[in-house]
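What follows is a set of notes on a single structure, which appears directly below.
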Amino acid sequence: MVQSVKPVASTWCPGCGDFGVLAAVKKAVAEAGVPVHEEVLVGGIGCSGGIHNFIETNGIHALHGRLLAQAVGIKLSNPGLTVIAAGGDGDGYAIGMGHFMHAFKKNVSLLYIVMNNETYGLTKGQASPTSRIGYEGNIEHPFDAILTALSIPVPNFIARTFSGDPKTMIQVLVEAIKFNRANHGFAFVEDLSPCVTYNDTFKDWRARVVDVATLPGYNPADRQTMFRLCVETMQAGKIPIGVMHRPAAPDPSSPGLELKLLPDKIGPARADIGLESNRVAYEKLLRTAA
Ligand SMILES: Cc1ncc(C[n+]2csc(CCOP(=O)(O)OP(=O)(O)O)c2C)c(N)n1
Ligand code: SF4
Ligand SMILES: [Mg+2]
């Protein structure tokens, strides 16, 4: 059930990277001018997915790996809402991987934030799809969500932020929310959000992050260039962060799916279901059938 409640005290460990995301989301929705009654936060299952409990908003705790399905449903029911889905790397890239890939293709104007800590924090530190080789016995190669996102050619917004740099995170989230509110399509932001209890990567990541905007040839409108810059940065042992893709200009032929389905922006949740309008519509239908 979607419900607006007063926030409760956080259950996160002191120092968890998710606090940076919580603070940035609060500031970004205010800066983007989103009224509380138009805002919905859909949380996944995991420490990260509890975020909607710690902020005054309309929130729903989704099923594990299914937060995008629920966020899409909310946006298509009421396109006037600003919908933010937020969860972890386990939630989004393991059990939720199918929904993750389709979210880019569907291109519904909602924001998906993945708090990537390269572990399953809530269940006490097992390897996740983004874990490095050697972490908790992991022998598989880590999955990279940004490279995957860049490989799906849809004019959406893609970025990576770091909880150790809240100022940039706020700017990125404001841009993503405005992109959604203009019905330009899906926005994906992966935040590097260390789990200080089971995988404390703060120091390592701070030393390795590189803002792609500082690299020669940076052009977030060109996927090929951004893919190459990310791969080269990773090959040098660094972690690319920053805005990875934004269309050079809005593409009127490819707006968010909600505009294609509901050009008047009135979804089922706002449809007139008054008795009188239904009676008139029914009589019209009967006359057509006769
Ligand atoms: C269907 C189902 N399978 C498994 C679990 C157990 N479980 C709870 S949270 C979680 C993963 C959490 O990892 P992540 O999404 O990275 O979130 P974090 O706690 O790291 O923020 C798992 C496997 C579950 N709750 N439901
Ligand atoms: S276990 Fe890790 S991810 Fe979960 S609240 Fe603690 S530090 Fe954060
Ligand atoms: Mg995790």
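Every chain in the structure tokens has a letter given in the order shown (A, B, ...), and although residue numbers restart at 1 in each chain, ligands are simply numbered from 1 in the order shown.
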Please write out the residues within 8 Å of ligand 3 as a list in words, counting only C-alpha atoms and all ligand atoms.
->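 The neighbouring residues of ligand 3 are, in order, Gly46, Cys47, Ser48, Gly88, Asp89, Gly90, Asp91, Met115, Asn116, Asn117, Glu118, Thr119, Tyr120, Gly121, Leu122, Ser128 and Cys195 of chain A.
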Export of the given selection (C-alpha atoms) as a PDB file, in the first residue's frame:
```pdb
ATOM      1  CA  GLY A  46      17.800  -4.629   1.543  1.00  0.00           C
ATOM      2  CA  CYS A  47      19.278  -2.012   3.879  1.00  0.00           C
ATOM      3  CA  SER A  48      19.153   0.529   1.036  1.00  0.00           C
ATOM      4  CA  GLY A  88      20.557  -2.148  -3.650  1.00  0.00           C
ATOM      5  CA  ASP A  89      22.894  -3.915  -6.051  1.00  0.00           C
ATOM      6  CA  GLY A  90      21.599  -7.316  -4.918  1.00  0.00           C
ATOM      7  CA  ASP A  91      17.997  -6.240  -5.367  1.00  0.00           C
ATOM      8  CA  MET A 115      22.956   2.060  -3.866  1.00  0.00           C
ATOM      9  CA  ASN A 116      25.842  -0.167  -4.888  1.00  0.00           C
ATOM     10  CA  ASN A 117      27.937  -1.401  -1.953  1.00  0.00           C
ATOM     11  CA  GLU A 118      29.157  -4.552  -3.739  1.00  0.00           C
ATOM     12  CA  THR A 119      27.560  -6.748  -1.073  1.00  0.00           C
ATOM     13  CA  TYR A 120      24.274  -8.006   0.365  1.00  0.00           C
ATOM     14  CA  GLY A 121      24.333  -5.735   3.414  1.00  0.00           C
ATOM     15  CA  LEU A 122      21.045  -6.677   5.045  1.00  0.00           C
ATOM     16  CA  SER A 128      26.589  -9.675  -4.872  1.00  0.00           C
ATOM     17  CA  CYS A 195      28.667  -0.726   3.490  1.00  0.00           C
TER      18      CYS A 195
END
```
How would you write, as a list in words, the set of residues in segment 100-284 of chain A that DSSP gives as strand (DSSP E)?
->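 Answer for segment 100-284 of chain A, restricted to strand (DSSP E): Leu111, Tyr112, Ile113, Val114, Met115, Asn116, Phe157, Ile158, Ala159, Arg160, Thr161, Phe162, Ala187, Phe188, Val189, Glu190, Asp191, Leu192, Val209, Val210, Asp211, Ile239, Pro240, Ile241, Gly242, Val243, Met244 and His245 of chain A.
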So which residues touch Lys265 of chain A within 10 Å, counting only C-alpha atoms, skipping near sequence neighbours fewer than 2 positions away, as a ChimeraX atom specification?
-> /A:76-80,183,258-263,267-268,270
Counting only C-alpha atoms, figure out which residue out of A:Ile170, A:Ile241, A:Leu147, A:Met97 gets nearest to Lys26 of chain A.
->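 Of A:Ile170, A:Ile241, A:Leu147, A:Met97, the one nearest Lys26 of chain A, counting only C-alpha atoms, is A:Ile170.
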Neighbouring residues of Glu175 of chain A were defined as those with any atom within 10 Å, considering only C-alpha atoms; residues of the same chain fewer than 2 positions away were excluded. Please report them as a compact mmCIF listing (two decimals) with C-alpha atoms, in the first residue's frame.
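The new file selection.txt reads:
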```
# COMPACT_ATOMS: atom_id res chain seq x y z
CA ALA A 28 17.14 17.18 -4.65
CA GLU A 31 15.48 21.83 -5.23
CA ALA A 32 13.60 20.34 -8.17
CA PHE A 157 19.67 9.76 -18.44
CA MET A 169 25.12 13.70 -6.07
CA ILE A 170 22.54 16.41 -5.36
CA GLN A 171 23.25 18.12 -8.71
CA VAL A 172 22.90 14.82 -10.57
CA LEU A 173 19.66 13.88 -8.79
CA ILE A 177 14.27 14.44 -11.49
CA LYS A 178 13.82 17.40 -13.86
CA PHE A 179 14.42 15.03 -16.81
CA ASN A 180 11.62 12.80 -15.48
CA ARG A 181 9.25 15.69 -14.75
CA ALA A 187 16.78 8.13 -15.40
CA VAL A 243 26.91 11.98 -15.97
CA ARG A 246 22.05 12.67 -21.51
```
